[in-house]
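Everything below concerns the one structure shown next.
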Amino acid sequence: MQLYLPIADLPVNVFLVLAMGAAVGFVSGMFGIGGGFLMTPLLIFIGITPAVAVASVASHIAASSFSGALSYWRRRAIDPALASVLLCGGVTGTTLGVWTFTQLRALGQLDLMIALSYVVLLSTVGSLMFSEGLRALMRTRRGALPSRRTHNWIHGLPLKMRFKRSKIYLSVIPVVVVGIMIGFIGAIMGIGGGFILVPIMIYLLRVPTSTVIGTSMVLTLVTMLFATMLHAVTNHLVDAVLALILMVGGVTGAQFGARAGQKIRGEQLRLLLGLLILSVGVRFAIELVIRPEDLFTIRELGVSG
């Protein structure tokens, strides 16, 4: 069954897009992440231009993050103070990211930049997560306890603030910087950034795992919603039909993914997630080198009036 996407300007198979949404929703539910790092490349691989894919997936991520954030809020697993400081940086980073997105699009370099960003980011993060998950799995099998460092140089920075829900006393400087980075990356690449944010908050900022996921979902929700609005107003690239189909599939798949994730140990989940991220990065690299004409449309995209 073919359906015409007005903004993407091409027909797509509805069942294929639904299946993609369900598959990414399954992964999101299993690993507790937004899934944008997987959805955006899949859309590009089926012929949707990177610009439309990034802008449309942002709305999909915002919608999928809402239910998760609401659930964590009811369980009091969100640190409002920490989320507020993160959002100060996140909104700034998103604004800067959309501005950069618009400038690159005007120069005709946007598609190439998105492809290169995915290759570099996913290959790097995937390799690090895979190696860390492998080490954790080996430690578990040997019965060794992981090293526990409670402080690092970040905890010596000034402008400290007490985050009562997370029970930490931390400088707001690294928190704002992390927010800016996640917002910027999300606006440029169409990813929520949870697979980057959660490890940074746990291993670098030493935020307790009890509040990490819920707090990161609040940042993802607000920054992706803001990015969707800015992309719609400034670039006119959000395809509502595409986003709606993805949402339906994503919500369905997430329910099954959450159940599957509960049956797998944490270190195994990290190992699988790292392998998945690395695989997407490698696939992007192969497409970019071997068949660049299939990866993105080599034409200057004019701003829709």
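The way I read the labels, and the way they are meant: chains A, B, ... in the order of the structure tokens, residue 1 as the first residue of every chain, and ligand 1 as the first ligand shown, with later ones counted on from there.
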Write out as a list of chain:residue names each polymer residue whose atoms come within 10 Å of A:Pro11, counting only C-alpha atoms; drop sequence neighbours fewer than 3 positions from it.
A:Met1, A:Gln2, A:Leu3, A:Tyr4, A:Leu5, A:Pro6, A:Ala8, A:Val14, A:Gly47, A:Ile48
Using only C-alpha atoms, which residues sit within 9 Å of A:Thr211 once same-chain residues fewer than 4 positions away are excluded, as a PyMOL selection string?
chain A and resi 72+76-79+165-166+207+215-216
Restricting the output to N, CA, C and O atoms, write the selected residues as a CSV table (one decimal), in the first residue's frame.
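What ended up in selection.csv:
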```csv
chain,number,residue,atom,x,y,z
A,72,TYR,N,8.1,8.1,34.5
A,72,TYR,CA,9.2,8.3,35.5
A,72,TYR,C,8.8,9.4,36.5
A,72,TYR,O,9.2,9.3,37.7
A,76,ARG,N,8.5,9.4,40.7
A,76,ARG,CA,9.5,10.3,41.4
A,76,ARG,C,10.9,9.9,41.1
A,76,ARG,O,11.8,10.0,41.9
A,77,ALA,N,11.1,9.5,39.8
A,77,ALA,CA,12.4,9.1,39.3
A,77,ALA,C,13.1,10.2,38.4
A,77,ALA,O,14.0,9.9,37.6
A,78,ILE,N,12.6,11.4,38.6
A,78,ILE,CA,13.1,12.5,37.8
A,78,ILE,C,13.6,13.6,38.8
A,78,ILE,O,12.9,13.9,39.8
A,79,ASP,N,14.8,14.2,38.5
A,79,ASP,CA,15.3,15.2,39.3
A,79,ASP,C,15.0,16.6,38.7
A,79,ASP,O,15.6,16.9,37.7
A,165,ARG,N,17.1,15.5,44.7
A,165,ARG,CA,16.5,14.3,44.3
A,165,ARG,C,17.6,13.3,44.0
A,165,ARG,O,17.5,12.1,44.3
A,166,SER,N,18.7,13.7,43.3
A,166,SER,CA,19.8,12.8,42.9
A,166,SER,C,20.8,12.7,44.1
A,166,SER,O,21.7,11.9,44.0
A,207,VAL,N,25.8,10.8,38.4
A,207,VAL,CA,24.3,10.9,38.8
A,207,VAL,C,23.8,9.5,39.1
A,207,VAL,O,24.1,8.6,38.3
A,215,THR,N,15.4,11.7,34.0
A,215,THR,CA,15.8,13.0,33.8
A,215,THR,C,16.3,13.2,32.4
A,215,THR,O,16.0,14.3,31.8
A,216,SER,N,16.9,12.2,31.8
A,216,SER,CA,17.4,12.3,30.4
A,216,SER,C,16.2,12.4,29.5
A,216,SER,O,16.2,13.1,28.4
```
Pairwise distance, atom CA of A:Pro199 with atom CA of A:Met129, equals 9.0 Å
As a VMD selection string, please: every residue in stretch 172-247 of chain A that a backbone DSSP assignment puts in helix (DSSP H, G or I).
chain A and resid 172 to 189 194 to 204 209 to 235 240 to 247
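What separates atom CA of A:Val176 from atom CA of A:Ala55 is a distance of 23.9 Å.
Residues in contact with stretch 182-186 of chain A at 7 Å, where only C-alpha atoms are counted and same-chain residues fewer than 2 positions away are skipped, are listed as Gly90, Val91, Gly93, Thr94, Leu96, Gly97, Val178, Gly179, Ile180, Ile188, Met189, Gly190, Ile191, Gly192, Gly193 and Thr223 of chain A.
For stretch 17-217 of chain A, backbone-based DSSP assignment of strand (DSSP E or B) covers Lys160, Met161, Arg162, Phe163, Ile168, Tyr169, Leu170 and Ser171 of chain A.
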Just the selected residues (N, CA and C atoms), exported as a short mmCIF file (atom, residue, chain, number, x, y, z; two decimals), in the first residue's frame, please.
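Saved as out02.cif:
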```cif
data_model
loop_
_atom_site.label_atom_id
_atom_site.label_comp_id
_atom_site.auth_asym_id
_atom_site.auth_seq_id
_atom_site.Cartn_x
_atom_site.Cartn_y
_atom_site.Cartn_z
N LYS A 160 28.77 25.42 42.24
CA LYS A 160 28.12 24.17 42.58
C LYS A 160 26.68 24.38 43.03
N MET A 161 25.89 23.35 42.82
CA MET A 161 24.47 23.39 43.18
C MET A 161 24.09 22.03 43.74
N ARG A 162 23.22 22.03 44.73
CA ARG A 162 22.79 20.77 45.33
C ARG A 162 21.53 20.26 44.64
N PHE A 163 21.61 19.06 44.10
CA PHE A 163 20.47 18.43 43.44
C PHE A 163 19.90 17.39 44.41
N ILE A 168 23.27 14.73 44.96
CA ILE A 168 24.63 15.07 44.53
C ILE A 168 24.84 16.57 44.66
N TYR A 169 26.11 16.98 44.83
CA TYR A 169 26.50 18.38 44.92
C TYR A 169 27.49 18.62 43.79
N LEU A 170 27.05 19.34 42.76
CA LEU A 170 27.79 19.36 41.50
C LEU A 170 27.77 20.75 40.88
N SER A 171 28.84 21.10 40.18
CA SER A 171 28.90 22.36 39.45
C SER A 171 27.89 22.35 38.30
#
```
